[in-house]
Amino acid sequence: MWLAASGSSGVALRANNPGVGRWLGPHADGRGRAVQMADLTVDVAVVGGGPAGYVMAALLGRSEHSVALVDPKPEGAWPNNYGSWREEWEALAASLQMPELLDCVSTNWAVTDCFFGGSFDTPDDERLRLDRAYLKVDRLRLKALLREKHAATGVQLLEGYAPAAAIAPNLFDGGLVHDASGSTLTVKASGGGGGGDVRVRAKLVVDATGFESKLTVRESPAAGGLWKELAPGYQIAYGMCVDVAGGKLPPD
């Protein structure tokens, strides 16, 4: 079964429970034949090492499902900054039953000032103040928290990536095969090491690799009732996080 959520020769299995983590590779079965000891059978395989994949794996593990999480850079920091209205972050913590999320905040602002100067003859220093608290998420602390939850519930962390690419709905050029009882996913290493590919057998595979996923085929214009193909939409806004001395940022 398949669900889409919004290299080298070795694959490291970072098993979070003691005594299981090891470099995976071919082993002998006692009769001298090579067997693939790297194969892993789980309830759910989550592909993607961002916040969505990590939260999903934590929730599934908490619900006593066996989980494999595929992350190409498990030791790396998430590159994006994340912000949220305070009330929405508190609601998320309550909804996920993760009160620790409230500790994964690096900065709190009691009010939010919006500046729209520089266009339509609006003065640069004109502001719109919203009486609404805003916060910046501590991405390092958040990832550390979720990894602790993975360790507590036995989530298996595979340092690698899924090389499969969709060629049609539920059909892939290799590395991912669905059948009546589940799916077989091939994971290739992203960090090097010994051993071969890891084949993961799962009842459900979740694609959490992001907007430009290679595992998803988008609906054709004809299927969507369109007379021509439309370019996908992108978020074009961007921001930066700065500390401003004196509370005022000059327009230049």
# chains A, B, ... in the order shown; residues from 1 in each chain; ligands from 1
$ closest_atom_pairs --of "segment 125-189 of chain A" --to "segment 80-104 of chain A" --cutoff "12 Å" --atoms "only C-alpha atoms" --output "JSON lines"
{"residue": "A:Leu130", "atom": "CA", "partner": "A:Trp85", "partner_atom": "CA", "distance": 11.1}
{"residue": "A:Asp131", "atom": "CA", "partner": "A:Trp85", "partner_atom": "CA", "distance": 11.0}
{"residue": "A:Arg132", "atom": "CA", "partner": "A:Trp85", "partner_atom": "CA", "distance": 7.3}
{"residue": "A:Ala133", "atom": "CA", "partner": "A:Arg86", "partner_atom": "CA", "distance": 5.4}
{"residue": "A:Tyr134", "atom": "CA", "partner": "A:Trp85", "partner_atom": "CA", "distance": 4.4}
{"residue": "A:Leu135", "atom": "CA", "partner": "A:Ser84", "partner_atom": "CA", "distance": 5.5}
{"residue": "A:Lys136", "atom": "CA", "partner": "A:Gly83", "partner_atom": "CA", "distance": 4.4}
{"residue": "A:Val137", "atom": "CA", "partner": "A:Tyr82", "partner_atom": "CA", "distance": 5.4}
{"residue": "A:Asp138", "atom": "CA", "partner": "A:Cys104", "partner_atom": "CA", "distance": 5.1}
{"residue": "A:Arg139", "atom": "CA", "partner": "A:Asn81", "partner_atom": "CA", "distance": 7.2}
{"residue": "A:Leu140", "atom": "CA", "partner": "A:Cys104", "partner_atom": "CA", "distance": 8.3}
{"residue": "A:Arg141", "atom": "CA", "partner": "A:Cys104", "partner_atom": "CA", "distance": 5.5}
{"residue": "A:Leu142", "atom": "CA", "partner": "A:Cys104", "partner_atom": "CA", "distance": 5.4}
{"residue": "A:Lys143", "atom": "CA", "partner": "A:Cys104", "partner_atom": "CA", "distance": 9.1}
{"residue": "A:Ala144", "atom": "CA", "partner": "A:Cys104", "partner_atom": "CA", "distance": 9.5}
{"residue": "A:Leu145", "atom": "CA", "partner": "A:Glu100", "partner_atom": "CA", "distance": 7.8}
{"residue": "A:Leu146", "atom": "CA", "partner": "A:Leu101", "partner_atom": "CA", "distance": 9.6}
{"residue": "A:Glu148", "atom": "CA", "partner": "A:Glu100", "partner_atom": "CA", "distance": 11.3}
{"residue": "A:Lys149", "atom": "CA", "partner": "A:Met98", "partner_atom": "CA", "distance": 10.2}
$ atom_distance --atom1 "atom CA of Cys241 of chain A" --atom2 "atom CA of Val105 of chain A"
14.4 Å
$ select_by_dssp --residues "segment 4-214 of chain A" --states "helix (DSSP H, G or I)" --output "NGL selection string"
:A and (51-62 or 86-96 or 99-103 or 139-153)
$ atom_distance --atom1 "atom CA of Arg62 of chain A" --atom2 "atom CA of Leu157 of chain A"
15.3 Å
$ residues_around --residues "Val44 of chain A" --least-positions-apart "2" --cutoff "12 Å" --atoms "only C-alpha atoms" --output "PyMOL selection string"
chain A and resi 1-3+40-42+46-47+53+56-61+63-70+155-156+182-185+200-207
$ write_last_selection --atoms "N, CA, C and O atoms" --output "compact mmCIF listing (two decimals), in the first residue's frame"
# COMPACT_ATOMS: atom_id res chain seq x y z
N MET A 1 0.85 -1.19 0.00
CA MET A 1 0.00 0.00 0.00
C MET A 1 0.89 1.24 0.00
O MET A 1 1.98 1.22 0.55
N TRP A 2 0.40 2.31 -0.60
CA TRP A 2 1.21 3.51 -0.82
C TRP A 2 0.47 4.74 -0.34
O TRP A 2 -0.72 4.90 -0.57
N LEU A 3 1.16 5.62 0.31
CA LEU A 3 0.56 6.87 0.77
C LEU A 3 1.56 7.99 0.57
O LEU A 3 2.71 7.89 1.00
N LEU A 40 14.64 -5.87 6.18
CA LEU A 40 13.93 -5.40 7.37
C LEU A 40 12.44 -5.42 7.08
O LEU A 40 12.01 -4.95 6.03
N THR A 41 11.67 -5.99 7.98
CA THR A 41 10.21 -6.04 7.83
C THR A 41 9.56 -5.18 8.90
O THR A 41 9.82 -5.36 10.09
N VAL A 42 8.73 -4.26 8.46
CA VAL A 42 8.07 -3.34 9.39
C VAL A 42 6.62 -3.13 8.97
O VAL A 42 6.21 -3.50 7.87
N VAL A 46 8.65 5.04 6.38
CA VAL A 46 8.48 6.47 6.13
C VAL A 46 9.71 6.96 5.38
O VAL A 46 10.83 6.85 5.88
N VAL A 47 9.52 7.48 4.17
CA VAL A 47 10.63 7.95 3.34
C VAL A 47 10.67 9.47 3.41
O VAL A 47 9.75 10.15 2.97
N GLY A 53 8.29 13.71 8.24
CA GLY A 53 8.65 12.31 8.37
C GLY A 53 9.00 11.93 9.80
O GLY A 53 8.62 10.86 10.29
N MET A 56 5.80 11.86 11.94
CA MET A 56 5.01 10.69 11.58
C MET A 56 5.59 9.42 12.18
O MET A 56 4.87 8.58 12.73
N ALA A 57 6.91 9.27 12.09
CA ALA A 57 7.55 8.08 12.65
C ALA A 57 7.37 8.03 14.16
O ALA A 57 7.13 6.96 14.73
N ALA A 58 7.46 9.17 14.82
CA ALA A 58 7.30 9.21 16.28
C ALA A 58 5.88 8.81 16.69
O ALA A 58 5.69 8.04 17.64
N LEU A 59 4.89 9.30 15.96
CA LEU A 59 3.50 8.98 16.30
C LEU A 59 3.19 7.52 16.01
O LEU A 59 2.50 6.86 16.80
N LEU A 60 3.71 7.00 14.90
CA LEU A 60 3.48 5.59 14.59
C LEU A 60 4.16 4.68 15.61
O LEU A 60 3.59 3.68 16.05
N GLY A 61 5.38 5.05 16.00
CA GLY A 61 6.07 4.26 17.02
C GLY A 61 5.35 4.28 18.34
O GLY A 61 5.26 3.27 19.04
N SER A 63 2.26 4.48 18.75
CA SER A 63 1.07 3.63 18.61
C SER A 63 1.43 2.16 18.45
O SER A 63 0.58 1.36 18.03
N GLU A 64 2.68 1.82 18.74
CA GLU A 64 3.16 0.44 18.75
C GLU A 64 3.21 -0.19 17.36
O GLU A 64 3.09 -1.41 17.22
N HIS A 65 3.41 0.63 16.34
CA HIS A 65 3.69 0.11 15.01
C HIS A 65 5.21 0.01 14.84
O HIS A 65 5.95 0.86 15.34
N SER A 66 5.66 -1.00 14.13
CA SER A 66 7.09 -1.07 13.80
C SER A 66 7.33 -0.15 12.61
O SER A 66 6.57 -0.17 11.63
N VAL A 67 8.41 0.65 12.68
CA VAL A 67 8.62 1.72 11.71
C VAL A 67 10.07 1.74 11.25
O VAL A 67 10.99 1.60 12.05
N ALA A 68 10.27 1.96 9.94
CA ALA A 68 11.57 2.27 9.38
C ALA A 68 11.51 3.68 8.83
O ALA A 68 10.60 4.00 8.06
N LEU A 69 12.43 4.52 9.24
CA LEU A 69 12.49 5.91 8.78
C LEU A 69 13.73 6.08 7.90
O LEU A 69 14.85 5.85 8.35
N VAL A 70 13.53 6.49 6.64
CA VAL A 70 14.62 6.66 5.69
C VAL A 70 15.01 8.13 5.63
O VAL A 70 14.21 8.97 5.23
N VAL A 155 11.90 2.87 16.69
CA VAL A 155 11.91 3.23 15.27
C VAL A 155 13.29 2.95 14.69
O VAL A 155 14.31 3.33 15.27
N GLN A 156 13.34 2.28 13.54
CA GLN A 156 14.59 1.94 12.88
C GLN A 156 14.97 3.06 11.91
O GLN A 156 14.20 3.37 10.99
N GLY A 182 1.53 -5.81 0.52
CA GLY A 182 2.38 -4.74 1.02
C GLY A 182 3.30 -4.20 -0.06
O GLY A 182 2.98 -4.25 -1.25
N SER A 183 4.45 -3.69 0.37
CA SER A 183 5.40 -3.08 -0.55
C SER A 183 6.82 -3.47 -0.18
O SER A 183 7.12 -3.72 0.99
N THR A 184 7.69 -3.51 -1.20
CA THR A 184 9.11 -3.74 -0.99
C THR A 184 9.87 -2.52 -1.47
O THR A 184 9.77 -2.14 -2.64
N LEU A 185 10.61 -1.90 -0.57
CA LEU A 185 11.33 -0.66 -0.84
C LEU A 185 12.82 -0.93 -0.75
O LEU A 185 13.30 -1.53 0.21
N VAL A 200 13.45 -3.13 2.36
CA VAL A 200 12.50 -2.98 3.46
C VAL A 200 11.14 -3.47 3.00
O VAL A 200 10.62 -3.02 1.98
N ARG A 201 10.60 -4.39 3.75
CA ARG A 201 9.26 -4.89 3.48
C ARG A 201 8.29 -4.20 4.44
O ARG A 201 8.49 -4.22 5.64
N ALA A 202 7.25 -3.57 3.90
CA ALA A 202 6.33 -2.80 4.74
C ALA A 202 4.90 -2.98 4.27
O ALA A 202 4.63 -3.16 3.08
N LYS A 203 3.98 -2.90 5.21
CA LYS A 203 2.57 -2.93 4.87
C LYS A 203 2.15 -1.61 4.23
O LYS A 203 1.23 -1.57 3.42
N LEU A 204 2.82 -0.53 4.63
CA LEU A 204 2.49 0.79 4.13
C LEU A 204 3.76 1.59 3.94
O LEU A 204 4.65 1.56 4.80
N VAL A 205 3.87 2.29 2.81
CA VAL A 205 4.99 3.20 2.55
C VAL A 205 4.45 4.61 2.49
O VAL A 205 3.49 4.88 1.75
N VAL A 206 5.06 5.51 3.26
CA VAL A 206 4.64 6.91 3.29
C VAL A 206 5.71 7.77 2.64
O VAL A 206 6.88 7.71 3.02
N ASP A 207 5.31 8.56 1.67
CA ASP A 207 6.23 9.48 1.00
C ASP A 207 6.19 10.82 1.70
O ASP A 207 5.22 11.56 1.61
$ atom_distance --atom1 "atom CA of Trp227 of chain A" --atom2 "atom CA of Thr209 of chain A"
29.6 Å
$ select_by_dssp --residues "segment 27-189 of chain A" --states "strand (DSSP E or B)" --output "ChimeraX atom specification"
/A:27-28,34-36,40-47,67-71,83-85,105-109,112-115,127-130,134-137,156-161,166-168,171-172,176-179,182-189
$ residues_around --residues "Ala165 of chain A" --least-positions-apart "5" --cutoff "6 Å" --atoms "only C-alpha atoms" --output "list of chain:residue names"
A:Phe172, A:Asp173, A:Lys214, A:Leu215
$ residues_around --residues "Val217 of chain A" --least-positions-apart "3" --cutoff "7 Å" --atoms "only C-alpha atoms" --output "count of residues only"
3
$ closest_residue --among "A:Leu171, A:Cys114, A:Ala52, A:Ala152" --to "Arg129 of chain A" --atoms "only C-alpha atoms"
A:Cys114
$ decode --residues "segment 82-219 of chain A" --atoms "C-alpha atoms" --output "PDB file, in the first residue's frame"
ATOM      1  CA  TYR A  82      10.174  27.473  11.141  1.00  0.00           C
ATOM      2  CA  GLY A  83       7.849  29.971  12.783  1.00  0.00           C
ATOM      3  CA  SER A  84       4.317  29.720  14.119  1.00  0.00           C
ATOM      4  CA  TRP A  85       1.627  31.705  15.837  1.00  0.00           C
ATOM      5  CA  ARG A  86       1.950  30.838  19.507  1.00  0.00           C
ATOM      6  CA  GLU A  87      -1.652  29.664  19.826  1.00  0.00           C
ATOM      7  CA  GLU A  88      -1.288  27.349  16.818  1.00  0.00           C
ATOM      8  CA  TRP A  89       1.937  25.830  18.194  1.00  0.00           C
ATOM      9  CA  GLU A  90       0.205  25.193  21.520  1.00  0.00           C
ATOM     10  CA  ALA A  91      -2.742  23.625  19.686  1.00  0.00           C
ATOM     11  CA  LEU A  92      -0.363  21.398  17.719  1.00  0.00           C
ATOM     12  CA  ALA A  93       1.361  20.248  20.913  1.00  0.00           C
ATOM     13  CA  ALA A  94      -2.021  19.374  22.416  1.00  0.00           C
ATOM     14  CA  SER A  95      -3.265  17.646  19.264  1.00  0.00           C
ATOM     15  CA  LEU A  96      -0.136  15.488  18.962  1.00  0.00           C
ATOM     16  CA  GLN A  97      -0.028  14.908  22.724  1.00  0.00           C
ATOM     17  CA  MET A  98       3.548  16.204  22.741  1.00  0.00           C
ATOM     18  CA  PRO A  99       3.760  18.894  25.429  1.00  0.00           C
ATOM     19  CA  GLU A 100       7.553  18.886  24.911  1.00  0.00           C
ATOM     20  CA  LEU A 101       6.983  20.865  21.706  1.00  0.00           C
ATOM     21  CA  LEU A 102       6.503  23.925  23.892  1.00  0.00           C
ATOM     22  CA  ASP A 103      10.152  23.568  24.938  1.00  0.00           C
ATOM     23  CA  CYS A 104      11.299  23.515  21.281  1.00  0.00           C
ATOM     24  CA  VAL A 105      11.086  27.293  20.922  1.00  0.00           C
ATOM     25  CA  SER A 106      14.085  29.574  20.559  1.00  0.00           C
ATOM     26  CA  THR A 107      12.342  32.971  20.520  1.00  0.00           C
ATOM     27  CA  ASN A 108       8.955  34.323  21.603  1.00  0.00           C
ATOM     28  CA  TRP A 109       7.408  37.615  20.525  1.00  0.00           C
ATOM     29  CA  ALA A 110       4.398  38.943  22.444  1.00  0.00           C
ATOM     30  CA  VAL A 111       3.164  40.979  19.470  1.00  0.00           C
ATOM     31  CA  THR A 112       3.795  40.861  15.743  1.00  0.00           C
ATOM     32  CA  ASP A 113       4.737  43.937  13.719  1.00  0.00           C
ATOM     33  CA  CYS A 114       4.147  43.801   9.970  1.00  0.00           C
ATOM     34  CA  PHE A 115       5.909  46.256   7.658  1.00  0.00           C
ATOM     35  CA  PHE A 116       4.694  46.806   4.113  1.00  0.00           C
ATOM     36  CA  GLY A 117       6.718  49.914   3.279  1.00  0.00           C
ATOM     37  CA  GLY A 118       8.497  50.483   0.007  1.00  0.00           C
ATOM     38  CA  SER A 119       5.531  49.821  -2.268  1.00  0.00           C
ATOM     39  CA  PHE A 120       2.393  51.735  -3.254  1.00  0.00           C
ATOM     40  CA  ASP A 121       3.841  54.891  -1.650  1.00  0.00           C
ATOM     41  CA  THR A 122       3.729  53.313   1.816  1.00  0.00           C
ATOM     42  CA  PRO A 123       6.332  54.827   4.173  1.00  0.00           C
ATOM     43  CA  ASP A 124       9.130  52.406   5.070  1.00  0.00           C
ATOM     44  CA  ASP A 125       8.569  52.704   8.798  1.00  0.00           C
ATOM     45  CA  GLU A 126       4.799  52.285   8.724  1.00  0.00           C
ATOM     46  CA  ARG A 127       3.784  49.220  10.672  1.00  0.00           C
ATOM     47  CA  LEU A 128       0.703  47.137  11.325  1.00  0.00           C
ATOM     48  CA  ARG A 129       0.826  45.705  14.832  1.00  0.00           C
ATOM     49  CA  LEU A 130      -1.008  42.465  15.475  1.00  0.00           C
ATOM     50  CA  ASP A 131      -1.820  41.654  19.069  1.00  0.00           C
ATOM     51  CA  ARG A 132      -0.884  38.059  18.491  1.00  0.00           C
ATOM     52  CA  ALA A 133       2.134  36.178  19.811  1.00  0.00           C
ATOM     53  CA  TYR A 134       4.580  34.608  17.374  1.00  0.00           C
ATOM     54  CA  LEU A 135       7.491  32.229  17.911  1.00  0.00           C
ATOM     55  CA  LYS A 136      10.519  30.764  16.204  1.00  0.00           C
ATOM     56  CA  VAL A 137      10.930  26.989  16.435  1.00  0.00           C
ATOM     57  CA  ASP A 138      14.233  25.627  17.699  1.00  0.00           C
ATOM     58  CA  ARG A 139      14.834  23.160  14.870  1.00  0.00           C
ATOM     59  CA  LEU A 140      17.827  21.486  16.547  1.00  0.00           C
ATOM     60  CA  ARG A 141      15.915  20.855  19.753  1.00  0.00           C
ATOM     61  CA  LEU A 142      12.869  19.673  17.810  1.00  0.00           C
ATOM     62  CA  LYS A 143      14.851  17.089  15.858  1.00  0.00           C
ATOM     63  CA  ALA A 144      16.606  15.919  19.030  1.00  0.00           C
ATOM     64  CA  LEU A 145      13.238  15.522  20.766  1.00  0.00           C
ATOM     65  CA  LEU A 146      11.800  13.432  17.953  1.00  0.00           C
ATOM     66  CA  ARG A 147      14.901  11.225  17.822  1.00  0.00           C
ATOM     67  CA  GLU A 148      14.504  10.588  21.550  1.00  0.00           C
ATOM     68  CA  LYS A 149      10.935   9.489  20.900  1.00  0.00           C
ATOM     69  CA  HIS A 150      12.137   7.219  18.093  1.00  0.00           C
ATOM     70  CA  ALA A 151      14.644   5.630  20.456  1.00  0.00           C
ATOM     71  CA  ALA A 152      11.970   5.042  23.084  1.00  0.00           C
ATOM     72  CA  THR A 153       9.671   3.219  20.646  1.00  0.00           C
ATOM     73  CA  GLY A 154      12.199   1.302  18.525  1.00  0.00           C
ATOM     74  CA  VAL A 155      11.911   3.228  15.270  1.00  0.00           C
ATOM     75  CA  GLN A 156      14.595   1.940  12.881  1.00  0.00           C
ATOM     76  CA  LEU A 157      16.575   4.750  11.231  1.00  0.00           C
ATOM     77  CA  LEU A 158      18.007   3.969   7.788  1.00  0.00           C
ATOM     78  CA  GLU A 159      20.702   6.393   6.635  1.00  0.00           C
ATOM     79  CA  GLY A 160      20.000   6.438   2.925  1.00  0.00           C
ATOM     80  CA  TYR A 161      17.505   7.319   0.247  1.00  0.00           C
ATOM     81  CA  ALA A 162      14.940   5.645  -1.990  1.00  0.00           C
ATOM     82  CA  PRO A 163      16.199   5.702  -5.613  1.00  0.00           C
ATOM     83  CA  ALA A 164      12.801   4.826  -7.058  1.00  0.00           C
ATOM     84  CA  ALA A 165      10.972   7.211  -9.387  1.00  0.00           C
ATOM     85  CA  ALA A 166       7.332   6.936 -10.397  1.00  0.00           C
ATOM     86  CA  ILE A 167       6.574   6.304 -14.074  1.00  0.00           C
ATOM     87  CA  ALA A 168       2.816   5.833 -13.620  1.00  0.00           C
ATOM     88  CA  PRO A 169       0.437   5.661 -10.643  1.00  0.00           C
ATOM     89  CA  ASN A 170       1.743   2.914  -8.346  1.00  0.00           C
ATOM     90  CA  LEU A 171       4.426   1.900 -10.882  1.00  0.00           C
ATOM     91  CA  PHE A 172       8.104   2.737 -10.444  1.00  0.00           C
ATOM     92  CA  ASP A 173      11.280   2.414 -12.481  1.00  0.00           C
ATOM     93  CA  GLY A 174      12.817   0.260  -9.758  1.00  0.00           C
ATOM     94  CA  GLY A 175      13.356   0.142  -6.033  1.00  0.00           C
ATOM     95  CA  LEU A 176       9.697   0.133  -5.022  1.00  0.00           C
ATOM     96  CA  VAL A 177       7.164  -2.582  -5.781  1.00  0.00           C
ATOM     97  CA  HIS A 178       3.617  -2.873  -4.486  1.00  0.00           C
ATOM     98  CA  ASP A 179       1.722  -6.138  -4.234  1.00  0.00           C
ATOM     99  CA  ALA A 180      -1.422  -7.462  -2.599  1.00  0.00           C
ATOM    100  CA  SER A 181       0.125  -7.792   0.858  1.00  0.00           C
ATOM    101  CA  GLY A 182       2.383  -4.735   1.017  1.00  0.00           C
ATOM    102  CA  SER A 183       5.396  -3.078  -0.553  1.00  0.00           C
ATOM    103  CA  THR A 184       9.113  -3.741  -0.989  1.00  0.00           C
ATOM    104  CA  LEU A 185      11.327  -0.663  -0.844  1.00  0.00           C
ATOM    105  CA  THR A 186      15.033  -0.567  -1.723  1.00  0.00           C
ATOM    106  CA  VAL A 187      17.169   1.917   0.238  1.00  0.00           C
ATOM    107  CA  LYS A 188      20.607   3.004  -0.959  1.00  0.00           C
ATOM    108  CA  ALA A 189      23.258   4.523   1.271  1.00  0.00           C
ATOM    109  CA  SER A 190      23.853   8.246   1.333  1.00  0.00           C
ATOM    110  CA  GLY A 191      26.819   8.248   3.722  1.00  0.00           C
ATOM    111  CA  GLY A 192      29.023   5.385   2.515  1.00  0.00           C
ATOM    112  CA  GLY A 193      30.147   2.287   4.375  1.00  0.00           C
ATOM    113  CA  GLY A 194      30.165  -1.439   3.787  1.00  0.00           C
ATOM    114  CA  GLY A 195      27.339  -3.714   2.813  1.00  0.00           C
ATOM    115  CA  GLY A 196      24.688  -3.655   0.116  1.00  0.00           C
ATOM    116  CA  ASP A 197      21.294  -2.179  -0.471  1.00  0.00           C
ATOM    117  CA  VAL A 198      18.658  -2.609   2.214  1.00  0.00           C
ATOM    118  CA  ARG A 199      15.320  -4.051   1.190  1.00  0.00           C
ATOM    119  CA  VAL A 200      12.504  -2.979   3.457  1.00  0.00           C
ATOM    120  CA  ARG A 201       9.255  -4.893   3.478  1.00  0.00           C
ATOM    121  CA  ALA A 202       6.333  -2.797   4.737  1.00  0.00           C
ATOM    122  CA  LYS A 203       2.567  -2.931   4.869  1.00  0.00           C
ATOM    123  CA  LEU A 204       2.488   0.791   4.129  1.00  0.00           C
ATOM    124  CA  VAL A 205       4.994   3.196   2.551  1.00  0.00           C
ATOM    125  CA  VAL A 206       4.635   6.910   3.294  1.00  0.00           C
ATOM    126  CA  ASP A 207       6.229   9.478   0.996  1.00  0.00           C
ATOM    127  CA  ALA A 208       7.384  12.434   3.108  1.00  0.00           C
ATOM    128  CA  THR A 209      10.111  13.609   0.732  1.00  0.00           C
ATOM    129  CA  GLY A 210       8.499  16.955  -0.018  1.00  0.00           C
ATOM    130  CA  PHE A 211       6.949  18.886  -2.870  1.00  0.00           C
ATOM    131  CA  GLU A 212       9.308  17.711  -5.611  1.00  0.00           C
ATOM    132  CA  SER A 213       8.948  14.041  -4.757  1.00  0.00           C
ATOM    133  CA  LYS A 214      10.074  11.536  -7.374  1.00  0.00           C
ATOM    134  CA  LEU A 215       7.681   8.992  -5.924  1.00  0.00           C
ATOM    135  CA  THR A 216       4.530  10.834  -6.970  1.00  0.00           C
ATOM    136  CA  VAL A 217       2.986  11.188 -10.423  1.00  0.00           C
ATOM    137  CA  ARG A 218       0.960  14.338 -10.793  1.00  0.00           C
ATOM    138  CA  GLU A 219      -2.431  14.269 -12.456  1.00  0.00           C
TER     139      GLU A 219
END
